file final_17.txt (compact mmCIF, C-alpha atoms)
# COMPACT_ATOMS: atom_id res chain seq x y z
CA MET A 958 24.27 -8.39 -46.55
CA TYR A 959 26.28 -10.05 -43.76
CA LYS A 960 25.50 -13.65 -42.88
CA VAL A 961 26.07 -14.08 -39.16
CA ALA A 962 25.65 -17.26 -37.12
CA VAL A 963 24.38 -16.99 -33.55
CA SER A 964 24.02 -19.79 -31.00
CA GLY A 965 21.98 -19.94 -27.80
CA ILE A 966 18.63 -19.63 -29.61
CA ASN A 967 16.98 -21.74 -26.91
CA ALA A 968 14.43 -19.13 -25.82
CA VAL A 969 13.08 -21.27 -22.97
CA ASP A 970 12.70 -20.78 -19.20
CA ASN A 971 16.51 -20.76 -18.92
CA PRO A 972 17.08 -18.74 -22.08
CA GLY A 973 20.31 -18.54 -24.04
CA PRO A 974 21.50 -15.13 -25.27
CA GLY A 975 20.90 -15.92 -28.98
CA ILE A 976 17.49 -14.33 -29.43
CA GLY A 977 18.62 -11.08 -27.76
CA ILE A 978 21.67 -11.05 -30.03
CA ALA A 979 19.58 -11.75 -33.16
CA LYS A 980 17.06 -9.03 -32.23
CA SER A 981 19.90 -6.56 -31.72
CA LEU A 982 21.53 -7.43 -35.07
CA LYS A 983 18.20 -7.02 -36.88
CA GLU A 984 17.73 -3.58 -35.27
CA SER A 985 21.23 -2.41 -36.22
CA ASP A 986 22.27 -0.24 -39.16
CA LEU A 987 23.87 -3.31 -40.78
CA GLU A 988 22.00 -5.57 -43.17
CA VAL A 989 22.24 -8.90 -41.43
CA MET A 990 20.92 -12.35 -42.16
CA VAL A 991 20.96 -14.32 -38.90
CA LEU A 992 21.75 -18.03 -38.98
CA GLY A 993 20.73 -19.89 -35.84
CA LEU A 994 23.03 -22.60 -34.49
CA ALA A 995 20.88 -25.02 -32.47
CA TYR A 996 21.58 -28.20 -30.56
CA ASP A 997 18.03 -29.49 -30.46
CA ALA A 998 15.11 -29.40 -32.92
CA MET A 999 12.92 -28.04 -30.12
CA GLU A 1000 14.88 -24.79 -29.67
CA PRO A 1001 12.23 -22.10 -30.26
CA GLY A 1002 14.61 -19.80 -32.18
CA ILE A 1003 14.62 -22.27 -35.10
CA TYR A 1004 10.98 -21.40 -35.77
CA MET A 1005 11.24 -17.62 -35.11
CA LYS A 1006 11.80 -16.80 -38.77
CA TRP A 1007 11.33 -13.06 -38.27
CA LEU A 1008 14.61 -13.07 -36.28
CA ILE A 1009 16.46 -16.23 -37.32
CA ASP A 1010 16.48 -16.48 -41.10
CA LYS A 1011 17.84 -20.00 -41.27
CA SER A 1012 18.83 -22.58 -38.65
CA TYR A 1013 21.24 -25.48 -38.44
CA ILE A 1014 21.55 -28.33 -35.96
CA MET A 1015 25.11 -28.39 -34.62
CA PRO A 1016 27.19 -31.28 -33.28
CA TYR A 1017 27.50 -31.17 -29.48
CA PRO A 1018 30.70 -29.43 -28.33
CA SER A 1019 31.64 -32.64 -26.49
CA LYS A 1020 32.03 -34.32 -29.92
CA GLY A 1021 35.12 -32.19 -30.49
CA GLU A 1022 36.37 -29.36 -32.64
CA ASN A 1023 36.66 -31.20 -35.97
CA LEU A 1024 32.92 -31.75 -36.28
CA LEU A 1025 32.24 -28.15 -35.27
CA ILE A 1026 34.60 -26.75 -37.93
CA GLU A 1027 33.22 -29.15 -40.53
CA ARG A 1028 29.67 -28.02 -39.81
CA LEU A 1029 30.60 -24.33 -39.98
CA LEU A 1030 32.39 -24.90 -43.29
CA TYR A 1031 29.33 -26.73 -44.62
CA ILE A 1032 27.24 -23.66 -43.73
CA LYS A 1033 29.83 -21.32 -45.28
CA ASN A 1034 30.01 -23.31 -48.51
CA ASN A 1035 26.30 -23.92 -48.92
CA PHE A 1036 24.77 -20.72 -47.67
CA GLY A 1037 27.53 -18.25 -46.85
CA LEU A 1038 28.89 -17.29 -43.43
CA ASP A 1039 30.77 -14.10 -42.59
CA ALA A 1040 30.91 -14.22 -38.80
CA VAL A 1041 29.92 -16.27 -35.75
CA ILE A 1042 28.82 -14.99 -32.34
CA PRO A 1043 28.94 -18.01 -30.03
CA ALA A 1044 26.92 -17.43 -26.88
CA LEU A 1045 27.00 -20.66 -24.89
CA ASP A 1046 29.58 -21.52 -22.22
CA ALA A 1047 30.18 -25.05 -23.48
CA GLU A 1048 31.05 -23.90 -27.03
CA LEU A 1049 33.41 -21.08 -26.13
CA PRO A 1050 36.60 -23.12 -25.55
CA LEU A 1051 36.27 -24.70 -29.02
CA PHE A 1052 35.60 -21.38 -30.74
CA ILE A 1053 38.42 -19.64 -28.86
CA LYS A 1054 40.89 -22.41 -29.72
CA ASN A 1055 39.92 -22.31 -33.38
CA ALA A 1056 39.45 -18.56 -33.83
CA SER A 1057 42.47 -18.16 -36.11
CA LEU A 1058 41.59 -21.27 -38.13
CA LEU A 1059 38.10 -19.84 -38.68
CA GLU A 1060 39.67 -16.50 -39.60
CA ASN A 1061 41.68 -18.34 -42.30
CA TYR A 1062 38.40 -19.65 -43.67
CA GLU A 1063 37.09 -16.05 -43.58
CA ILE A 1064 34.68 -16.75 -40.74
CA LYS A 1065 35.16 -13.84 -38.33
CA THR A 1066 34.84 -13.95 -34.55
CA PHE A 1067 35.57 -11.46 -31.76
CA LEU A 1068 36.41 -13.60 -28.76
CA PRO A 1069 38.57 -13.39 -25.64
CA THR A 1070 41.96 -15.10 -25.76
CA ASN A 1071 42.44 -18.38 -23.97
CA ASP A 1072 44.26 -16.66 -21.08
CA GLN A 1073 41.41 -14.17 -20.70
CA PHE A 1074 38.90 -17.02 -20.83
CA LYS A 1075 40.66 -18.68 -17.87
CA LEU A 1076 40.10 -15.58 -15.72
CA ARG A 1077 36.47 -16.61 -15.27
CA GLY A 1078 37.61 -19.49 -13.05
CA LYS A 1079 36.55 -18.73 -9.50
CA ASP A 1080 40.04 -19.62 -8.31
CA LYS A 1081 41.32 -16.68 -10.44
CA LEU A 1082 38.87 -14.11 -9.06
CA PRO A 1083 41.10 -13.04 -6.13
CA GLU A 1084 43.84 -12.08 -8.61
CA VAL A 1085 41.37 -10.17 -10.82
CA ALA A 1086 39.73 -8.43 -7.87
CA ASP A 1087 43.10 -7.41 -6.47
CA LYS A 1088 44.20 -5.87 -9.76
CA ILE A 1089 41.03 -3.85 -10.33
CA GLY A 1090 40.51 -2.68 -6.76
CA VAL A 1091 37.32 -4.53 -5.80
CA LYS A 1092 36.72 -7.07 -3.08
CA ILE A 1093 35.68 -10.69 -3.31
CA PRO A 1094 33.83 -12.70 -0.70
CA LYS A 1095 36.19 -14.74 1.52
CA THR A 1096 36.93 -17.82 -0.58
CA LYS A 1097 38.39 -21.27 0.06
CA VAL A 1098 39.38 -23.59 -2.78
CA ILE A 1099 38.93 -27.16 -1.54
CA THR A 1100 39.52 -30.68 -2.82
CA SER A 1101 38.33 -32.89 0.04
CA TYR A 1102 35.56 -33.40 2.58
CA GLU A 1103 37.99 -32.55 5.41
CA GLU A 1104 38.72 -29.21 3.76
CA LEU A 1105 34.99 -28.60 3.36
CA ILE A 1106 34.50 -29.00 7.12
CA GLU A 1107 37.46 -26.73 7.81
CA ALA A 1108 36.23 -24.07 5.36
CA THR A 1109 32.68 -23.98 6.75
CA GLU A 1110 34.07 -23.72 10.31
CA LYS A 1111 36.16 -20.74 9.28
CA LEU A 1112 33.50 -18.99 7.19
CA GLY A 1113 30.39 -19.87 9.22
CA PHE A 1114 26.94 -20.52 7.72
CA PRO A 1115 25.40 -19.75 5.31
CA VAL A 1116 28.10 -20.36 2.68
CA MET A 1117 28.06 -20.61 -1.10
CA ILE A 1118 29.26 -23.94 -2.51
CA LYS A 1119 30.36 -23.47 -6.12
CA GLY A 1120 31.93 -25.36 -9.00
CA LEU A 1121 35.02 -23.85 -10.58
CA PHE A 1122 33.05 -22.58 -13.59
CA TYR A 1123 29.41 -23.64 -13.13
CA LYS A 1124 26.81 -24.19 -10.42
CA ALA A 1125 26.35 -22.33 -7.17
CA TYR A 1126 24.32 -23.33 -4.13
CA LYS A 1127 23.65 -21.63 -0.81
CA ALA A 1128 24.12 -24.01 2.13
CA TYR A 1129 22.71 -23.26 5.59
CA ASN A 1130 24.20 -26.22 7.44
CA ILE A 1131 26.84 -28.91 7.08
CA SER A 1132 24.48 -31.55 5.69
CA GLN A 1133 23.38 -29.21 2.88
CA ALA A 1134 26.99 -28.18 2.26
CA THR A 1135 28.06 -31.83 2.04
CA SER A 1136 25.25 -32.70 -0.35
CA TYR A 1137 26.04 -29.72 -2.66
CA PHE A 1138 29.77 -30.50 -2.44
CA ASN A 1139 29.10 -34.10 -3.56
CA SER A 1140 26.79 -33.05 -6.35
CA ILE A 1141 29.34 -30.55 -7.75
CA VAL A 1142 32.20 -33.06 -7.50
CA GLU A 1143 30.09 -35.67 -9.29
CA GLU A 1144 29.16 -33.31 -12.14
CA TRP A 1145 32.19 -31.04 -12.50
CA GLY A 1146 34.98 -32.59 -10.45
CA TYR A 1147 37.49 -30.77 -8.22
CA PRO A 1148 38.24 -28.18 -6.99
CA VAL A 1149 35.13 -26.90 -5.25
CA ILE A 1150 34.84 -23.31 -4.06
CA VAL A 1151 33.46 -22.46 -0.62
CA GLN A 1152 32.58 -18.80 -0.34
CA GLU A 1153 31.28 -16.37 2.26
CA VAL A 1154 27.73 -15.09 1.52
CA ILE A 1155 27.63 -11.34 0.99
CA SER A 1156 24.14 -9.94 1.49
CA GLY A 1157 23.85 -6.83 -0.59
CA GLU A 1158 22.51 -5.54 -3.89
CA GLU A 1159 23.24 -7.74 -6.93
CA ILE A 1160 24.42 -5.57 -9.80
CA ASN A 1161 25.74 -6.51 -13.23
CA VAL A 1162 27.51 -5.01 -16.20
CA VAL A 1163 27.45 -6.14 -19.82
CA GLY A 1164 30.08 -4.86 -22.22
CA VAL A 1165 32.39 -5.53 -25.15
CA GLY A 1166 36.15 -5.09 -24.73
CA ASP A 1167 38.15 -4.02 -27.79
CA GLY A 1168 41.17 -6.22 -26.93
CA LYS A 1169 43.42 -3.18 -26.59
CA GLY A 1170 42.32 -1.97 -23.17
CA GLY A 1171 39.28 0.02 -24.30
CA HIS A 1172 35.68 -0.94 -24.91
CA PHE A 1173 32.70 -0.47 -27.21
CA GLY A 1174 30.21 0.36 -24.46
CA LEU A 1175 29.03 -0.77 -21.02
CA LEU A 1176 25.64 -1.02 -19.36
CA GLY A 1177 25.12 -1.36 -15.60
CA ILE A 1178 21.91 -2.92 -14.33
CA LYS A 1179 20.20 -4.27 -11.28
CA LYS A 1180 18.05 -7.37 -11.60
CA LEU A 1181 14.77 -6.52 -9.87
CA TRP A 1182 12.88 -9.75 -10.26
CA ILE A 1183 14.32 -13.16 -11.05
CA THR A 1184 12.68 -16.50 -11.83
CA SER A 1185 13.01 -19.63 -9.72
CA LEU A 1186 15.95 -20.55 -12.00
CA GLY A 1187 17.63 -17.26 -11.09
CA LYS A 1188 17.01 -15.68 -14.51
CA ILE A 1189 16.19 -11.98 -14.86
CA TRP A 1190 12.54 -11.13 -15.53
CA THR A 1191 12.64 -7.39 -14.80
CA GLY A 1192 15.60 -5.09 -14.34
CA VAL A 1193 16.59 -1.44 -14.22
CA THR A 1194 19.59 0.49 -15.55
CA ILE A 1195 21.87 1.94 -12.88
CA LYS A 1196 24.86 4.26 -12.91
CA ASN A 1197 27.05 3.06 -10.11
CA GLU A 1198 30.33 4.86 -10.73
CA LYS A 1199 32.36 2.47 -8.58
CA LEU A 1200 31.01 -0.53 -10.50
CA LEU A 1201 31.53 1.01 -13.92
CA SER A 1202 35.05 2.22 -13.17
CA ALA A 1203 35.98 -1.22 -11.77
CA THR A 1204 34.68 -2.75 -15.00
CA GLU A 1205 36.73 -0.31 -17.10
CA LYS A 1206 39.76 -1.15 -15.01
CA PHE A 1207 39.14 -4.85 -15.61
CA ILE A 1208 39.03 -4.22 -19.37
CA SER A 1209 42.16 -2.05 -19.42
CA GLU A 1210 44.13 -4.28 -17.04
CA PHE A 1211 43.44 -7.52 -18.92
CA HIS A 1212 42.92 -6.08 -22.43
CA TRP A 1213 39.66 -7.99 -22.54
CA LYS A 1214 38.47 -8.80 -26.04
CA GLY A 1215 34.85 -9.55 -26.82
CA ALA A 1216 31.61 -9.76 -24.88
CA PHE A 1217 31.43 -10.22 -21.13
CA GLU A 1218 29.10 -10.03 -18.16
CA PHE A 1219 30.46 -8.82 -14.84
CA GLU A 1220 28.43 -10.02 -11.82
CA CYS A 1221 28.92 -8.15 -8.55
CA ILE A 1222 27.34 -7.43 -5.18
CA THR A 1223 27.49 -4.00 -3.61
CA LYS A 1224 27.39 -3.66 0.16
CA ASP A 1225 28.34 -0.68 2.35
CA ASN A 1226 29.74 1.17 -0.66
CA GLU A 1227 32.08 -1.72 -1.55
CA ILE A 1228 31.95 -3.79 -4.74
CA TYR A 1229 32.37 -7.56 -4.43
CA LEU A 1230 33.17 -9.44 -7.65
CA ILE A 1231 31.18 -12.68 -7.89
CA GLU A 1232 31.58 -13.91 -11.45
CA ILE A 1233 32.86 -13.02 -14.93
CA ASN A 1234 31.03 -14.57 -17.88
CA PRO A 1235 33.02 -14.41 -21.15
CA ARG A 1236 29.96 -13.96 -23.38
CA PHE A 1237 26.79 -11.91 -23.70
CA PRO A 1238 24.16 -12.55 -21.02
CA ALA A 1239 20.63 -13.56 -22.09
CA TRP A 1240 19.44 -10.02 -21.22
CA VAL A 1241 21.85 -8.37 -23.70
CA TYR A 1242 18.91 -6.78 -25.57
CA PHE A 1243 18.56 -4.44 -22.57
CA ALA A 1244 21.69 -2.64 -23.83
CA THR A 1245 20.29 -2.40 -27.35
CA GLY A 1246 17.01 -1.09 -25.94
CA VAL A 1247 18.77 1.84 -24.28
CA GLY A 1248 20.74 2.71 -27.41
CA ILE A 1249 23.96 0.71 -26.96
CA ASN A 1250 23.69 -2.09 -29.51
CA LEU A 1251 26.51 -4.24 -28.16
CA PRO A 1252 25.92 -7.29 -30.42
CA ALA A 1253 26.03 -5.05 -33.53
CA ARG A 1254 29.16 -3.33 -32.20
CA LEU A 1255 30.82 -6.70 -31.58
CA LEU A 1256 29.89 -7.80 -35.10
CA LYS A 1257 31.36 -4.60 -36.57
CA ALA A 1258 34.57 -5.20 -34.61
CA ALA A 1259 34.71 -8.80 -35.89
CA LEU A 1260 34.20 -7.61 -39.47
CA GLY A 1261 36.86 -4.92 -39.10
CA LEU A 1262 34.35 -2.08 -39.52
CA GLU A 1263 34.38 1.17 -37.59
CA VAL A 1264 32.68 0.71 -34.21
CA GLU A 1265 30.74 3.25 -32.11
CA ARG A 1266 32.03 3.78 -28.58
CA ASP A 1267 29.45 6.12 -27.02
CA TRP A 1268 27.63 4.61 -24.06
CA ASN A 1269 25.83 7.40 -22.31
CA TYR A 1270 22.65 5.77 -21.08
CA GLU A 1271 20.04 6.96 -18.61
CA PRO A 1272 19.63 5.27 -15.22
CA GLY A 1273 16.04 4.22 -14.50
CA LYS A 1274 15.27 2.45 -17.79
CA PHE A 1275 13.13 -0.59 -17.13
CA TYR A 1276 13.56 -4.06 -18.69
CA ILE A 1277 10.69 -6.53 -18.90
CA ARG A 1278 10.77 -10.07 -20.21
CA PHE A 1279 7.50 -11.68 -21.20
CA THR A 1280 6.24 -14.96 -22.57
CA ASP A 1281 4.76 -15.20 -26.06
CA ASP A 1282 3.66 -17.93 -28.43
CA PHE A 1283 2.99 -18.52 -32.12
CA VAL A 1284 1.92 -21.27 -34.50
CA THR A 1285 3.81 -22.73 -37.46
CA ASP A 1286 3.62 -25.89 -39.55
CA ILE A 1287 5.05 -29.24 -38.49
CA SER A 1288 6.90 -29.35 -41.83
CA GLU A 1289 9.42 -26.93 -40.25
CA PHE A 1290 10.05 -29.44 -37.48
CA GLN A 1291 10.26 -32.21 -40.08
CA LYS A 1292 12.90 -30.28 -42.09
CA ILE A 1293 15.14 -29.52 -39.11
CA THR A 1294 14.83 -33.09 -37.84
CA LEU A 1295 15.50 -34.84 -41.15
CA LYS A 1296 17.88 -32.42 -42.86
CA GLY A 1297 19.41 -30.70 -39.84
CA GLU A 1298 18.57 -27.30 -41.31
CA CYS A 1299 15.53 -25.23 -42.18
CA MET B 258 27.69 13.64 -3.96
CA SER B 259 25.68 12.77 -0.84
CA LYS B 260 23.45 9.72 -1.09
CA LEU B 261 20.30 11.83 -0.85
CA ASN B 262 21.37 14.15 -3.62
CA ARG B 263 21.71 11.39 -6.17
CA LEU B 264 18.08 10.28 -5.69
CA ALA B 265 15.54 10.96 -8.42
CA ILE B 266 12.30 12.05 -6.73
CA ASN B 267 8.96 12.78 -8.36
CA GLU B 268 5.99 14.73 -6.99
CA GLU B 269 3.94 11.56 -6.33
CA GLY B 270 6.60 10.32 -3.89
CA PHE B 271 8.33 7.75 -6.13
CA ILE B 272 12.06 7.70 -5.40
CA PHE B 273 14.70 5.98 -7.54
CA ASP B 274 18.31 5.44 -6.52
CA PRO B 275 20.37 5.34 -9.76
CA ASP B 276 23.37 3.96 -7.87
CA THR B 277 21.74 0.79 -6.58
CA GLY B 278 18.58 0.50 -8.70
CA ASN B 279 16.41 0.50 -5.58
CA SER B 280 13.10 2.32 -5.65
CA PHE B 281 10.92 3.52 -2.78
CA THR B 282 7.57 5.19 -2.33
CA VAL B 283 6.98 7.77 0.39
CA ASN B 284 3.85 9.60 1.54
CA GLN B 285 3.53 13.37 1.46
CA THR B 286 5.18 13.70 4.90
CA GLY B 287 8.16 11.65 3.74
CA LEU B 288 8.35 13.59 0.51
CA LEU B 289 8.46 16.91 2.38
CA ILE B 290 11.19 15.65 4.71
CA ILE B 291 13.35 14.14 1.98
CA LYS B 292 13.12 17.27 -0.17
CA ALA B 293 13.98 19.46 2.82
CA LEU B 294 16.98 17.26 3.68
CA LYS B 295 18.18 17.54 0.08
CA GLU B 296 17.97 21.33 0.45
CA ASN B 297 20.20 21.04 3.54
CA LYS B 298 17.48 22.32 5.88
CA THR B 299 18.11 21.79 9.60
CA GLU B 300 15.95 19.47 11.70
CA LYS B 301 14.42 22.54 13.36
CA GLU B 302 13.49 24.03 10.01
CA ILE B 303 11.99 20.73 8.87
CA LEU B 304 9.90 20.53 12.04
CA GLU B 305 8.51 24.00 11.36
CA LEU B 306 7.67 22.97 7.79
CA LEU B 307 5.89 19.81 8.98
CA LYS B 308 3.84 21.74 11.56
CA GLU B 309 2.88 24.33 9.01
CA GLU B 310 2.10 21.96 6.11
CA PHE B 311 0.21 19.26 8.02
CA GLU B 312 -1.14 21.29 10.97
CA VAL B 313 0.29 18.95 13.60
CA GLU B 314 1.69 19.48 17.09
CA GLU B 315 5.45 19.76 17.67
CA LYS B 316 5.54 16.35 19.38
CA GLU B 317 3.87 14.51 16.49
CA ALA B 318 6.03 16.27 13.91
CA GLN B 319 9.13 15.39 15.88
CA ARG B 320 8.13 11.72 16.11
CA ASP B 321 7.45 11.55 12.36
CA LEU B 322 10.77 13.19 11.56
CA ILE B 323 12.78 10.87 13.83
CA ASP B 324 10.95 7.79 12.50
CA PHE B 325 11.51 8.77 8.90
CA MET B 326 15.19 9.60 9.38
CA GLU B 327 15.69 6.21 11.02
CA GLN B 328 14.10 4.58 7.95
CA LEU B 329 16.44 6.50 5.65
CA LYS B 330 19.43 5.32 7.69
CA LEU B 331 18.13 1.75 7.57
CA TYR B 332 18.06 1.88 3.75
CA GLY B 333 21.51 3.42 3.63
CA LEU B 334 20.27 6.72 2.26
CA LEU B 335 21.42 8.95 5.11
call {"tool": "encode", "arguments": {"input": "final_17.txt", "output": "structure tokens"}}
result
Amino acid sequence: MYKVAVSGINAVDNPGPGIGIAKSLKESDLEVMVLGLAYDAMEPGIYMKWLIDKSYIMPYPSKGENLLIERLLYIKNNFGLDAVIPALDAELPLFIKNASLLENYEIKTFLPTNDQFKLRGKDKLPEVADKIGVKIPKTKVITSYEELIEATEKLGFPVMIKGLFYKAYKAYNISQATSYFNSIVEEWGYPVIVQEVISGEEINVVGVGDGKGGHFGLLGIKKLWITSLGKIWTGVTIKNEKLLSATEKFISEFHWKGAFEFECITKDNEIYLIEINPRFPAWVYFATGVGINLPARLLKAALGLEVERDWNYEPGKFYIRFTDDFVTDISEFQKITLKGEC
Amino acid sequence: MSKLNRLAINEEGFIFDPDTGNSFTVNQTGLLIIKALKENKTEKEILELLKEEFEVEEKEAQRDLIDFMEQLKLYGLL
């Protein structure tokens, strides 16, 4: 029995990937006990005992790495912990930085290196796109209002106004662009990215790189219906050879290690790279549902077990998210609130 | 492979493009035309098929064929 911690168990309207990961691990050929790492007592995963066997409240990543390591060691010593699959953007830098320390404590991870992690910066995308033979929308990296004006004059409206790692808004005029620029600077600081809008089909790939230039499987999809928060509600598997071979080139070129989501737009037979997320997306169960259990494969790689590499899936498989509810006792809430675990 | 050849088409007129994930529905006229195009039939041959299958005049068949082919071009399928 492997005891594996998973974060992102906030199965809410902007869901984290944790529940999809837990579901995949439970459906794998490994015997897995899933430990949920939560940041709030209201995260639904805490109470979903059929998927998350035990949950722990974690210190916020902003509190620093020492508290995180301490908490993980507490879990290891009191309950047992073989591996961690972190799934939230804010945690990843801490886990990546401390991967070898955790390894020394016999807590396994399978994460990208720090250099690979930096590739997700939107200022790095031109370099990535160039190396793997895809395009990117015309992009300006700016640090002032004057540069914003200049960039919008060059690119024309509408434009995307983006933070280096997070947030993206579509602006149709200079007053919207200014307001989004200010809001990004206030929250995330400089630089801000101004990008041409490419109108085409949004397509994505989820996969796990083996760190040596190969991978443990890929799945290409198109999001068919998204919520007002931009989250997938229905999707379909696709086999776009250009997209999949660009993704394989990305993995081999950068020796990507661990989970990733590749977000692209296809227009006039060209692929435009929009974003790289260095973790599983919240829809990762889609891969498991079509026979490519990527979370289980990542876990096997972390544990040093033999990992499957087949990934022959059918295009036209349909993904549907739905809402559900259940009832439990308030004593569960009491336990997680008072003891920080339940 | 040509764009039309990659399409998955069923007898009810549901068409799925595995490259882009787009799906379309077509009526029986559209279905006949798209299948004929996949079989590399010429426009003249398709017109004959339309006239025969739907008992329509040359002019109407021609209009339907041109309209439909324009739609295919619009969706990037031709």
call {"tool": "residues_around", "arguments": {"input": "final_17.txt", "residues": "region 1223-1239 of chain A", "least_positions_apart": "6", "cutoff": "8 Å", "atoms": "all atoms listed in the file", "output": "count of residues only"}}
result
33
call {"tool": "residues_around", "arguments": {"input": "final_17.txt", "residues": "region 1108-1124 of chain A", "least_positions_apart": "3", "cutoff": "7 Å", "atoms": "only C-alpha atoms", "output": "ChimeraX atom specification"}}
result
/A:1078-1080,1097,1104-1105,1127-1130,1134,1137-1138,1141,1145,1148-1154
call {"tool": "write_last_selection", "arguments": {"input": "final_17.txt", "atoms": "C-alpha atoms", "output": "mmCIF file, in the coordinates of the input"}}
result
data_model
loop_
_atom_site.group_PDB
_atom_site.id
_atom_site.type_symbol
_atom_site.label_atom_id
_atom_site.label_comp_id
_atom_site.auth_asym_id
_atom_site.auth_seq_id
_atom_site.Cartn_x
_atom_site.Cartn_y
_atom_site.Cartn_z
ATOM 1 C CA GLY A 1078 37.610 -19.490 -13.050
ATOM 2 C CA LYS A 1079 36.550 -18.730 -9.500
ATOM 3 C CA ASP A 1080 40.040 -19.620 -8.310
ATOM 4 C CA LYS A 1097 38.390 -21.270 0.060
ATOM 5 C CA GLU A 1104 38.720 -29.210 3.760
ATOM 6 C CA LEU A 1105 34.990 -28.600 3.360
ATOM 7 C CA LYS A 1127 23.650 -21.630 -0.810
ATOM 8 C CA ALA A 1128 24.120 -24.010 2.130
ATOM 9 C CA TYR A 1129 22.710 -23.260 5.590
ATOM 10 C CA ASN A 1130 24.200 -26.220 7.440
ATOM 11 C CA ALA A 1134 26.990 -28.180 2.260
ATOM 12 C CA TYR A 1137 26.040 -29.720 -2.660
ATOM 13 C CA PHE A 1138 29.770 -30.500 -2.440
ATOM 14 C CA ILE A 1141 29.340 -30.550 -7.750
ATOM 15 C CA TRP A 1145 32.190 -31.040 -12.500
ATOM 16 C CA PRO A 1148 38.240 -28.180 -6.990
ATOM 17 C CA VAL A 1149 35.130 -26.900 -5.250
ATOM 18 C CA ILE A 1150 34.840 -23.310 -4.060
ATOM 19 C CA VAL A 1151 33.460 -22.460 -0.620
ATOM 20 C CA GLN A 1152 32.580 -18.800 -0.340
ATOM 21 C CA GLU A 1153 31.280 -16.370 2.260
ATOM 22 C CA VAL A 1154 27.730 -15.090 1.520
#
call {"tool": "interface_residues", "arguments": {"input": "final_17.txt", "of": "chain A", "to": "chain B", "cutoff": "6 Å", "atoms": "only C-alpha atoms", "output": "ChimeraX atom specification"}}
result
/A:1179,1195-1197,1272
call {"tool": "residues_around", "arguments": {"input": "final_17.txt", "residues": "region 996-1008 of chain A", "least_positions_apart": "5", "cutoff": "8 Å", "atoms": "all atoms listed in the file", "output": "PyMOL selection string"}}
result
chain A and resi 966-969+976+979-980+983+991+1014-1017+1285+1289-1290+1293-1294+1299
call {"tool": "write_last_selection", "arguments": {"input": "final_17.txt", "atoms": "C-alpha atoms", "output": "PDB file, in the coordinates of the input"}}
result
ATOM      1  CA  ILE A 966      18.630 -19.630 -29.610  1.00  0.00           C
ATOM      2  CA  ASN A 967      16.980 -21.740 -26.910  1.00  0.00           C
ATOM      3  CA  ALA A 968      14.430 -19.130 -25.820  1.00  0.00           C
ATOM      4  CA  VAL A 969      13.080 -21.270 -22.970  1.00  0.00           C
ATOM      5  CA  ILE A 976      17.490 -14.330 -29.430  1.00  0.00           C
ATOM      6  CA  ALA A 979      19.580 -11.750 -33.160  1.00  0.00           C
ATOM      7  CA  LYS A 980      17.060  -9.030 -32.230  1.00  0.00           C
ATOM      8  CA  LYS A 983      18.200  -7.020 -36.880  1.00  0.00           C
ATOM      9  CA  VAL A 991      20.960 -14.320 -38.900  1.00  0.00           C
ATOM     10  CA  ILE A1014      21.550 -28.330 -35.960  1.00  0.00           C
ATOM     11  CA  MET A1015      25.110 -28.390 -34.620  1.00  0.00           C
ATOM     12  CA  PRO A1016      27.190 -31.280 -33.280  1.00  0.00           C
ATOM     13  CA  TYR A1017      27.500 -31.170 -29.480  1.00  0.00           C
ATOM     14  CA  THR A1285       3.810 -22.730 -37.460  1.00  0.00           C
ATOM     15  CA  GLU A1289       9.420 -26.930 -40.250  1.00  0.00           C
ATOM     16  CA  PHE A1290      10.050 -29.440 -37.480  1.00  0.00           C
ATOM     17  CA  ILE A1293      15.140 -29.520 -39.110  1.00  0.00           C
ATOM     18  CA  THR A1294      14.830 -33.090 -37.840  1.00  0.00           C
ATOM     19  CA  CYS A1299      15.530 -25.230 -42.180  1.00  0.00           C
TER      20      CYS A1299
END
call {"tool": "atom_distance", "arguments": {"input": "final_17.txt", "atom1": "CA of Asn284 (chain B)", "atom2": "CA of Arg320 (chain B)"}}
result
15.3 Å
call {"tool": "residues_near_point", "arguments": {"input": "final_17.txt", "point": "(16.4, 11.2, -0.6)", "cutoff": "7 Å", "atoms": "all atoms listed in the file", "output": "MDAnalysis selection string"}}
result
chainID B and resid 261:262 264 291:292 295 334
call {"tool": "residues_around", "arguments": {"input": "final_17.txt", "residues": "Asn971 (chain A)", "least_positions_apart": "6", "cutoff": "9 Å", "atoms": "all atoms listed in the file", "output": "list in words"}}
result
Leu1186, Gly1187, Lys1188 and Ala1239 of chain A
call {"tool": "write_last_selection", "arguments": {"input": "final_17.txt", "atoms": "C-alpha atoms", "output": "PDB file, keeping the file's coordinate frame"}}
result
ATOM      1  CA  LEU A1186      15.950 -20.550 -12.000  1.00  0.00           C
ATOM      2  CA  GLY A1187      17.630 -17.260 -11.090  1.00  0.00           C
ATOM      3  CA  LYS A1188      17.010 -15.680 -14.510  1.00  0.00           C
ATOM      4  CA  ALA A1239      20.630 -13.560 -22.090  1.00  0.00           C
TER       5      ALA A1239
END
call {"tool": "atom_distance", "arguments": {"input": "final_17.txt", "atom1": "CA of Gly1174 (chain A)", "atom2": "CA of Lys1214 (chain A)"}}
result
12.4 Å
call {"tool": "atom_distance", "arguments": {"input": "final_17.txt", "atom1": "CA of Phe1211 (chain A)", "atom2": "CA of Thr1070 (chain A)"}}
result
10.3 Å
call {"tool": "closest_atom_pairs", "arguments": {"input": "final_17.txt", "of": "region 266-300 of chain B", "to": "region 304-311 of chain B", "cutoff": "8 Å", "atoms": "all atoms listed in the file", "output": "Markdown table"}}
result
| residue | atom | partner | partner_atom | distance |
| --- | --- | --- | --- | --- |
| B:Thr286 | CA | B:Leu307 | CA | 7.4 |
| B:Leu289 | CA | B:Leu307 | CA | 7.7 |
| B:Ile290 | CA | B:Leu307 | CA | 8.0 |
| B:Glu300 | CA | B:Leu304 | CA | 6.2 |
